[in-house]
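Content type PDB, C-alpha atoms, from the file run_20.pdb:
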ATOM      1  CA  MET A 474      42.928  66.785 170.552  1.00  0.00           C
ATOM      2  CA  LYS A 475      45.854  67.991 168.443  1.00  0.00           C
ATOM      3  CA  ASN A 476      47.884  68.720 171.592  1.00  0.00           C
ATOM      4  CA  ILE A 477      47.050  65.281 173.007  1.00  0.00           C
ATOM      5  CA  ASN A 478      48.138  63.515 169.821  1.00  0.00           C
ATOM      6  CA  PHE A 479      51.401  65.475 169.743  1.00  0.00           C
ATOM      7  CA  PHE A 480      51.975  64.572 173.377  1.00  0.00           C
ATOM      8  CA  LYS A 481      51.565  60.876 172.584  1.00  0.00           C
ATOM      9  CA  LEU A 482      54.150  60.989 169.804  1.00  0.00           C
ATOM     10  CA  ASN A 483      56.708  62.156 172.358  1.00  0.00           C
ATOM     11  CA  THR A 484      55.700  59.851 175.204  1.00  0.00           C
ATOM     12  CA  THR A 485      57.136  56.682 176.701  1.00  0.00           C
ATOM     13  CA  VAL A 486      55.085  54.482 179.015  1.00  0.00           C
ATOM     14  CA  ILE A 487      57.212  52.929 181.761  1.00  0.00           C
ATOM     15  CA  ILE A 488      55.611  49.898 183.418  1.00  0.00           C
ATOM     16  CA  LEU A 489      57.162  48.951 186.755  1.00  0.00           C
ATOM     17  CA  CYS A 490      57.669  45.176 186.747  1.00  0.00           C
ATOM     18  CA  GLY A 491      60.647  44.618 189.024  1.00  0.00           C
ATOM     19  CA  GLY A 492      59.140  43.278 192.248  1.00  0.00           C
ATOM     20  CA  LYS A 493      59.185  39.690 193.520  1.00  0.00           C
ATOM     21  CA  GLY A 494      55.475  39.466 194.360  1.00  0.00           C
ATOM     22  CA  LEU A 495      56.258  37.709 197.641  1.00  0.00           C
ATOM     23  CA  ARG A 496      52.665  37.752 198.902  1.00  0.00           C
ATOM     24  CA  LEU A 497      51.648  35.620 195.918  1.00  0.00           C
ATOM     25  CA  ARG A 498      54.186  32.837 196.546  1.00  0.00           C
ATOM     26  CA  PRO A 499      54.355  30.062 195.446  1.00  0.00           C
ATOM     27  CA  LEU A 500      52.510  31.386 192.360  1.00  0.00           C
ATOM     28  CA  THR A 501      55.278  33.902 191.724  1.00  0.00           C
ATOM     29  CA  SER A 502      58.146  31.501 192.411  1.00  0.00           C
ATOM     30  CA  ASN A 503      58.530  30.930 188.676  1.00  0.00           C
ATOM     31  CA  THR A 504      56.270  33.602 187.190  1.00  0.00           C
ATOM     32  CA  PRO A 505      56.667  37.366 187.778  1.00  0.00           C
ATOM     33  CA  LYS A 506      53.461  38.900 189.129  1.00  0.00           C
ATOM     34  CA  PRO A 507      52.679  41.013 186.004  1.00  0.00           C
ATOM     35  CA  LEU A 508      52.657  37.788 183.960  1.00  0.00           C
ATOM     36  CA  ILE A 509      50.029  36.072 186.086  1.00  0.00           C
ATOM     37  CA  LYS A 510      46.867  35.537 184.058  1.00  0.00           C
ATOM     38  CA  ILE A 511      43.468  37.063 184.727  1.00  0.00           C
ATOM     39  CA  ASP A 512      40.660  36.119 182.329  1.00  0.00           C
ATOM     40  CA  ASN A 513      43.101  34.351 179.954  1.00  0.00           C
ATOM     41  CA  LYS A 514      45.400  37.375 179.686  1.00  0.00           C
ATOM     42  CA  THR A 515      48.359  38.371 181.790  1.00  0.00           C
ATOM     43  CA  ILE A 516      48.096  41.456 183.986  1.00  0.00           C
ATOM     44  CA  LEU A 517      50.752  43.026 181.752  1.00  0.00           C
ATOM     45  CA  GLU A 518      48.677  42.412 178.615  1.00  0.00           C
ATOM     46  CA  HIS A 519      45.673  44.125 180.173  1.00  0.00           C
ATOM     47  CA  ILE A 520      47.854  47.143 180.977  1.00  0.00           C
ATOM     48  CA  ILE A 521      49.549  47.328 177.566  1.00  0.00           C
ATOM     49  CA  ASN A 522      46.273  46.858 175.705  1.00  0.00           C
ATOM     50  CA  GLN A 523      44.713  49.710 177.673  1.00  0.00           C
ATOM     51  CA  PHE A 524      47.453  52.069 176.462  1.00  0.00           C
ATOM     52  CA  LEU A 525      47.248  50.744 172.897  1.00  0.00           C
ATOM     53  CA  LYS A 526      43.545  51.642 172.827  1.00  0.00           C
ATOM     54  CA  PHE A 527      44.622  55.253 173.324  1.00  0.00           C
ATOM     55  CA  ASN A 528      47.338  55.061 170.640  1.00  0.00           C
ATOM     56  CA  LEU A 529      50.286  54.983 173.021  1.00  0.00           C
ATOM     57  CA  ASN A 530      52.723  52.435 171.668  1.00  0.00           C
ATOM     58  CA  ASN A 531      56.181  53.185 173.043  1.00  0.00           C
ATOM     59  CA  PHE A 532      56.914  51.137 176.179  1.00  0.00           C
ATOM     60  CA  ILE A 533      59.665  50.344 178.632  1.00  0.00           C
ATOM     61  CA  LEU A 534      59.321  47.471 181.090  1.00  0.00           C
ATOM     62  CA  ALA A 535      61.357  48.363 184.176  1.00  0.00           C
ATOM     63  CA  THR A 536      62.218  44.849 185.333  1.00  0.00           C
ATOM     64  CA  GLY A 537      64.379  43.130 187.925  1.00  0.00           C
ATOM     65  CA  TYR A 538      63.031  39.833 189.233  1.00  0.00           C
ATOM     66  CA  LYS A 539      63.104  37.212 186.439  1.00  0.00           C
ATOM     67  CA  SER A 540      63.743  39.863 183.783  1.00  0.00           C
ATOM     68  CA  ASN A 541      64.581  37.230 181.164  1.00  0.00           C
ATOM     69  CA  ILE A 542      61.022  35.883 181.339  1.00  0.00           C
ATOM     70  CA  PHE A 543      59.683  39.314 180.398  1.00  0.00           C
ATOM     71  CA  SER A 544      62.048  39.453 177.422  1.00  0.00           C
ATOM     72  CA  LEU A 545      60.845  36.076 176.178  1.00  0.00           C
ATOM     73  CA  PHE A 546      57.218  37.052 176.711  1.00  0.00           C
ATOM     74  CA  ILE A 547      57.553  40.296 174.734  1.00  0.00           C
ATOM     75  CA  LYS A 548      59.322  38.551 171.837  1.00  0.00           C
ATOM     76  CA  LYS A 549      56.502  36.058 171.641  1.00  0.00           C
ATOM     77  CA  LYS A 550      53.487  38.288 172.284  1.00  0.00           C
ATOM     78  CA  TYR A 551      54.468  41.768 171.102  1.00  0.00           C
ATOM     79  CA  LYS A 552      57.367  41.259 168.699  1.00  0.00           C
ATOM     80  CA  ASN A 553      56.099  44.007 166.366  1.00  0.00           C
ATOM     81  CA  LEU A 554      55.607  46.561 169.107  1.00  0.00           C
ATOM     82  CA  ASN A 555      58.185  49.007 170.436  1.00  0.00           C
ATOM     83  CA  ILE A 556      58.728  47.559 173.929  1.00  0.00           C
ATOM     84  CA  LYS A 557      62.144  47.742 175.561  1.00  0.00           C
ATOM     85  CA  VAL A 558      62.945  45.604 178.603  1.00  0.00           C
ATOM     86  CA  VAL A 559      65.309  47.383 181.000  1.00  0.00           C
ATOM     87  CA  ASN A 560      66.745  45.081 183.645  1.00  0.00           C
ATOM     88  CA  SER A 561      67.622  47.199 186.683  1.00  0.00           C
ATOM     89  CA  ALA A 562      68.495  44.210 188.891  1.00  0.00           C
ATOM     90  CA  VAL A 563      66.694  42.632 191.835  1.00  0.00           C
ATOM     91  CA  ASN A 564      66.020  44.392 195.162  1.00  0.00           C
ATOM     92  CA  LYS A 565      66.223  47.910 193.757  1.00  0.00           C
ATOM     93  CA  ASP A 566      63.934  50.799 194.637  1.00  0.00           C
ATOM     94  CA  ILE A 567      61.502  52.169 192.061  1.00  0.00           C
ATOM     95  CA  ILE A 568      63.576  55.333 191.766  1.00  0.00           C
ATOM     96  CA  PHE A 569      66.576  53.319 190.567  1.00  0.00           C
ATOM     97  CA  ARG A 570      64.433  51.511 187.991  1.00  0.00           C
ATOM     98  CA  LEU A 571      63.091  54.840 186.745  1.00  0.00           C
ATOM     99  CA  MET A 572      66.554  56.369 186.429  1.00  0.00           C
ATOM    100  CA  GLN A 573      67.730  53.383 184.387  1.00  0.00           C
ATOM    101  CA  SER A 574      64.628  53.518 182.173  1.00  0.00           C
ATOM    102  CA  LEU A 575      64.724  57.280 181.574  1.00  0.00           C
ATOM    103  CA  LYS A 576      67.945  56.826 179.602  1.00  0.00           C
ATOM    104  CA  PHE A 577      65.825  55.347 176.801  1.00  0.00           C
ATOM    105  CA  ALA A 578      62.636  57.381 177.251  1.00  0.00           C
ATOM    106  CA  LYS A 579      61.123  60.191 175.211  1.00  0.00           C
ATOM    107  CA  GLU A 580      60.288  63.680 176.506  1.00  0.00           C
ATOM    108  CA  ASN A 581      57.008  62.830 178.253  1.00  0.00           C
ATOM    109  CA  ILE A 582      56.746  59.975 180.729  1.00  0.00           C
ATOM    110  CA  ILE A 583      53.767  57.955 181.902  1.00  0.00           C
ATOM    111  CA  VAL A 584      54.611  55.560 184.719  1.00  0.00           C
ATOM    112  CA  CYS A 585      52.345  52.830 186.062  1.00  0.00           C
ATOM    113  CA  TYR A 586      52.600  49.816 188.334  1.00  0.00           C
ATOM    114  CA  GLY A 587      52.691  46.374 186.748  1.00  0.00           C
ATOM    115  CA  ASP A 588      50.130  44.953 189.170  1.00  0.00           C
ATOM    116  CA  THR A 589      47.380  47.581 188.933  1.00  0.00           C
ATOM    117  CA  LEU A 590      44.505  47.838 186.469  1.00  0.00           C
ATOM    118  CA  ILE A 591      42.272  50.886 186.165  1.00  0.00           C
ATOM    119  CA  ASP A 592      39.825  51.744 183.396  1.00  0.00           C
ATOM    120  CA  ILE A 593      41.281  55.210 183.173  1.00  0.00           C
ATOM    121  CA  ASN A 594      40.553  57.565 180.281  1.00  0.00           C
ATOM    122  CA  ILE A 595      44.145  58.284 179.325  1.00  0.00           C
ATOM    123  CA  ASN A 596      43.164  61.185 177.060  1.00  0.00           C
ATOM    124  CA  LYS A 597      41.623  62.966 180.060  1.00  0.00           C
ATOM    125  CA  LEU A 598      44.697  62.172 182.136  1.00  0.00           C
ATOM    126  CA  ILE A 599      46.963  63.681 179.477  1.00  0.00           C
ATOM    127  CA  LYS A 600      44.697  66.715 179.133  1.00  0.00           C
ATOM    128  CA  ASN A 601      45.003  67.252 182.880  1.00  0.00           C
ATOM    129  CA  TYR A 602      48.787  67.106 182.585  1.00  0.00           C
ATOM    130  CA  ILE A 603      48.915  69.563 179.663  1.00  0.00           C
ATOM    131  CA  LYS A 604      47.169  72.107 181.900  1.00  0.00           C
ATOM    132  CA  ASN A 605      49.778  71.552 184.613  1.00  0.00           C
ATOM    133  CA  LYS A 606      52.984  70.946 182.657  1.00  0.00           C
ATOM    134  CA  LYS A 607      55.335  71.998 185.426  1.00  0.00           C
ATOM    135  CA  LYS A 608      53.796  69.483 187.833  1.00  0.00           C
ATOM    136  CA  LEU A 609      53.917  65.744 188.311  1.00  0.00           C
ATOM    137  CA  ILE A 610      50.444  64.239 187.954  1.00  0.00           C
ATOM    138  CA  MET A 611      49.574  61.436 190.370  1.00  0.00           C
ATOM    139  CA  THR A 612      46.381  59.442 189.845  1.00  0.00           C
ATOM    140  CA  SER A 613      44.342  58.964 192.994  1.00  0.00           C
ATOM    141  CA  TYR A 614      41.373  56.838 193.990  1.00  0.00           C
ATOM    142  CA  GLN A 615      38.868  57.293 196.797  1.00  0.00           C
ATOM    143  CA  LEU A 616      39.159  54.885 199.708  1.00  0.00           C
ATOM    144  CA  LYS A 617      36.021  52.904 200.500  1.00  0.00           C
ATOM    145  CA  SER A 618      35.383  51.685 204.017  1.00  0.00           C
ATOM    146  CA  GLN A 619      35.256  47.921 204.484  1.00  0.00           C
ATOM    147  CA  PHE A 620      32.815  48.396 207.351  1.00  0.00           C
ATOM    148  CA  GLY A 621      29.488  49.996 208.134  1.00  0.00           C
ATOM    149  CA  ILE A 622      30.124  53.429 209.676  1.00  0.00           C
ATOM    150  CA  LEU A 623      28.094  54.674 212.638  1.00  0.00           C
ATOM    151  CA  THR A 624      27.394  58.228 213.687  1.00  0.00           C
ATOM    152  CA  ILE A 625      27.021  58.248 217.468  1.00  0.00           C
ATOM    153  CA  ASN A 626      25.914  61.175 219.636  1.00  0.00           C
ATOM    154  CA  LYS A 627      27.111  62.046 223.152  1.00  0.00           C
ATOM    155  CA  ASN A 628      24.467  59.743 224.652  1.00  0.00           C
ATOM    156  CA  ASP A 629      25.778  56.794 222.593  1.00  0.00           C
ATOM    157  CA  ASP A 630      22.670  56.809 220.429  1.00  0.00           C
ATOM    158  CA  VAL A 631      23.320  55.673 216.861  1.00  0.00           C
ATOM    159  CA  ILE A 632      21.827  58.485 214.812  1.00  0.00           C
ATOM    160  CA  ASN A 633      23.067  57.427 211.382  1.00  0.00           C
ATOM    161  CA  PHE A 634      24.456  54.356 209.629  1.00  0.00           C
ATOM    162  CA  ASN A 635      26.303  54.115 206.307  1.00  0.00           C
ATOM    163  CA  GLU A 636      27.139  50.707 204.863  1.00  0.00           C
ATOM    164  CA  LYS A 637      30.739  50.763 203.534  1.00  0.00           C
ATOM    165  CA  PRO A 638      30.736  54.423 202.426  1.00  0.00           C
ATOM    166  CA  ASN A 639      33.376  56.219 200.394  1.00  0.00           C
ATOM    167  CA  LEU A 640      35.711  58.064 202.710  1.00  0.00           C
ATOM    168  CA  ASN A 641      37.264  61.479 202.294  1.00  0.00           C
ATOM    169  CA  ILE A 642      40.629  59.795 201.780  1.00  0.00           C
ATOM    170  CA  TRP A 643      42.388  59.509 198.415  1.00  0.00           C
ATOM    171  CA  TYR A 644      45.237  57.100 197.750  1.00  0.00           C
ATOM    172  CA  ASN A 645      47.841  56.635 195.038  1.00  0.00           C
ATOM    173  CA  VAL A 646      46.908  54.089 192.336  1.00  0.00           C
ATOM    174  CA  GLY A 647      50.208  54.330 190.536  1.00  0.00           C
ATOM    175  CA  TYR A 648      49.624  56.207 187.280  1.00  0.00           C
ATOM    176  CA  PHE A 649      51.979  59.186 186.987  1.00  0.00           C
ATOM    177  CA  ILE A 650      52.752  61.693 184.232  1.00  0.00           C
ATOM    178  CA  PHE A 651      55.749  64.011 184.207  1.00  0.00           C
ATOM    179  CA  ASN A 652      58.303  65.548 181.900  1.00  0.00           C
ATOM    180  CA  LYS A 653      61.737  64.004 181.526  1.00  0.00           C
ATOM    181  CA  LYS A 654      63.160  67.186 183.077  1.00  0.00           C
ATOM    182  CA  PHE A 655      62.051  65.745 186.423  1.00  0.00           C
ATOM    183  CA  LYS A 656      65.068  63.456 186.148  1.00  0.00           C
ATOM    184  CA  SER A 657      67.171  66.168 187.806  1.00  0.00           C
ATOM    185  CA  LYS A 658      64.858  66.000 190.819  1.00  0.00           C
ATOM    186  CA  LEU A 659      64.586  62.204 190.847  1.00  0.00           C
ATOM    187  CA  GLU A 660      68.325  61.687 190.986  1.00  0.00           C
ATOM    188  CA  LYS A 661      68.542  63.512 194.311  1.00  0.00           C
ATOM    189  CA  PHE A 662      66.612  60.763 196.111  1.00  0.00           C
ATOM    190  CA  ASN A 663      67.273  57.164 197.116  1.00  0.00           C
ATOM    191  CA  THR A 664      63.635  56.090 197.321  1.00  0.00           C
ATOM    192  CA  PHE A 665      60.555  56.869 195.258  1.00  0.00           C
ATOM    193  CA  LYS A 666      58.559  57.221 198.471  1.00  0.00           C
ATOM    194  CA  ASN A 667      60.742  60.077 199.704  1.00  0.00           C
ATOM    195  CA  PHE A 668      60.760  61.666 196.255  1.00  0.00           C
ATOM    196  CA  LEU A 669      56.948  61.811 196.201  1.00  0.00           C
ATOM    197  CA  LYS A 670      56.790  63.100 199.767  1.00  0.00           C
ATOM    198  CA  ILE A 671      59.164  65.992 199.086  1.00  0.00           C
ATOM    199  CA  MET A 672      57.542  66.787 195.752  1.00  0.00           C
ATOM    200  CA  ALA A 673      54.170  66.965 197.512  1.00  0.00           C
ATOM    201  CA  VAL A 674      55.286  69.339 200.276  1.00  0.00           C
ATOM    202  CA  SER A 675      57.125  71.406 197.627  1.00  0.00           C
ATOM    203  CA  ASN A 676      53.879  71.783 195.639  1.00  0.00           C
ATOM    204  CA  TYR A 677      55.104  69.860 192.587  1.00  0.00           C
ATOM    205  CA  ILE A 678      52.276  67.288 192.478  1.00  0.00           C
ATOM    206  CA  LYS A 679      48.736  67.550 191.142  1.00  0.00           C
ATOM    207  CA  SER A 680      46.156  64.833 191.726  1.00  0.00           C
ATOM    208  CA  TYR A 681      44.059  63.359 188.944  1.00  0.00           C
ATOM    209  CA  LYS A 682      41.057  61.764 190.641  1.00  0.00           C
ATOM    210  CA  HIS A 683      39.922  58.509 189.038  1.00  0.00           C
ATOM    211  CA  TYR A 684      36.265  57.616 189.625  1.00  0.00           C
ATOM    212  CA  GLY A 685      36.063  54.450 187.526  1.00  0.00           C
ATOM    213  CA  LYS A 686      37.108  50.882 188.258  1.00  0.00           C
ATOM    214  CA  HIS A 687      40.303  49.880 190.005  1.00  0.00           C
ATOM    215  CA  ILE A 688      42.068  46.564 190.636  1.00  0.00           C
ATOM    216  CA  THR A 689      45.318  46.008 192.519  1.00  0.00           C
ATOM    217  CA  ILE A 690      46.734  42.483 192.821  1.00  0.00           C
ATOM    218  CA  ASN A 691      48.985  41.870 195.818  1.00  0.00           C
ATOM    219  CA  THR A 692      47.462  38.878 197.600  1.00  0.00           C
ATOM    220  CA  PHE A 693      45.587  35.681 196.701  1.00  0.00           C
ATOM    221  CA  SER A 694      42.283  37.184 197.834  1.00  0.00           C
ATOM    222  CA  GLU A 695      42.884  40.234 195.623  1.00  0.00           C
ATOM    223  CA  LEU A 696      43.770  37.940 192.729  1.00  0.00           C
ATOM    224  CA  GLU A 697      40.504  36.043 193.088  1.00  0.00           C
ATOM    225  CA  ASP A 698      38.630  39.328 193.386  1.00  0.00           C
ATOM    226  CA  ALA A 699      40.380  40.581 190.241  1.00  0.00           C
ATOM    227  CA  LYS A 700      39.173  37.582 188.244  1.00  0.00           C
ATOM    228  CA  MET A 701      35.603  38.637 188.981  1.00  0.00           C
ATOM    229  CA  LYS A 702      36.083  42.394 188.559  1.00  0.00           C
ATOM    230  CA  ILE A 703      37.925  42.140 185.233  1.00  0.00           C
ATOM    231  CA  LYS A 704      34.752  40.883 183.543  1.00  0.00           C
ATOM    232  CA  ASN A 705      33.207  44.331 184.074  1.00  0.00           C
ATOM    233  CA  PHE A 706      36.148  46.303 182.714  1.00  0.00           C
TER     234      PHE A 706
END

Re-express the file's structure as structure tokens.
Amino acid sequence: MKNINFFKLNTTVIILCGGKGLRLRPLTSNTPKPLIKIDNKTILEHIINQFLKFNLNNFILATGYKSNIFSLFIKKKYKNLNIKVVNSAVNKDIIFRLMQSLKFAKENIIVCYGDTLIDININKLIKNYIKNKKKLIMTSYQLKSQFGILTINKNDDVINFNEKPNLNIWYNVGYFIFNKKFKSKLEKFNTFKNFLKIMAVSNYIKSYKHYGKHITINTFSELEDAKMKIKNF
């Protein structure tokens, strides 16, 4: 626990809040997606409060679209907390937002998306990183089928049926941990997608598998689903 607490003292949480949220228009025409409310709190509040529960209190909001609204929100809601808003302009890739934010960050970096909620045990995530300090930790989640899956033999007989099973496929849910030294690798790429791809094939990434709850808000149907799921977080 001593190592975890020391890690936290030297950690900055970067929350990616720069996107336009186009699939939630017209809701996001005037309100950035992370500031949409779910259960009387903005998505951003749910994310920040999750980190505060684990005594992480140094934040950077990597913004672009309607950055001034984030600044006003933070002054009103979290004026006594150490949250810096870094405006990296509209229509920029995540990697550009990270490079701008890293100028103000501490030694250890936790990055997360501003539209994703997971009930992750951050202490366990950090512990996983401490064991793999030379790696970038990417949090993954198991894909669940939306359909009932059949097992069919060569005679077209259905010999088994699973209703919406978990699949042997894991996907990125947007919580990353890495050391600031990774900046030298980040700056070689134009897109975060390509950065992650090359880091993966170069054996620089470890997966932290999350088995708890997960909410991503991209569409109106996902937003409505989130309003129900958040009650069980």

May I ask for the distance between CA of Asn560 in chain A and CA of Lys539 in chain A, given in Å to one decimal place?
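The value is 9.1 Å.
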
Skip Ala699 in chain A itself and residues of its chain fewer than 3 positions away, then list as a list in words all residues within 9 Å of it, counting all atoms listed in the file.
Ile511, Ile688, Thr689, Ile690, Ser694, Glu695, Leu696, Lys702, Ile703 and Lys704 of chain A

Just to confirm, what's the straight-line distance from CA of Asn663 in chain A to CA of Lys679 in chain A in Å (one decimal)?
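Result for CA of Asn663 in chain A versus CA of Lys679 in chain A: 22.1 Å, one decimal.
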
If you measure from CA of Glu518 in chain A to CA of Lys666 in chain A, what distance in Å do you get, rounded to one decimal?
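Separation of CA of Glu518 in chain A and CA of Lys666 in chain A: 26.7 Å.
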
A:Ser502, A:Asn705, A:Asn581, A:Asn553: which is nearest Ile603 in chain A, counting all atoms listed in the file?
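Counting all atoms listed in the file, the residue closest to Ile603 in chain A is A:Asn581.
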
Quick one: which residues end up in the PyMOL selection byres ((chain A and resi 519) around 10) for this structure, as a PyMOL selection string?
chain A and resi 507+510-512+514-518+520-525+587+589-591+703

With distances taken over all atoms listed in the file, which of A:Phe546, A:Tyr551, A:Phe532, A:Phe479 is nearest to Ile509 in chain A?
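Residue with the minimum atom-to-atom distance to Ile509 in chain A: A:Phe546.
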
Counting only C-alpha atoms, which residue out of A:Thr485, A:Ser574, A:Ser680, A:Asn541 sits closest to Tyr644 in chain A?
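Residue with the minimum atom-to-atom distance to Tyr644 in chain A: A:Ser680.
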
Please provide the set of residues having any atom within 7 Å of Asp592 in chain A, restricted to only C-alpha atoms, with same-chain residues fewer than 5 positions apart removed, written as a ChimeraX atom specification.
/A:685-687,706
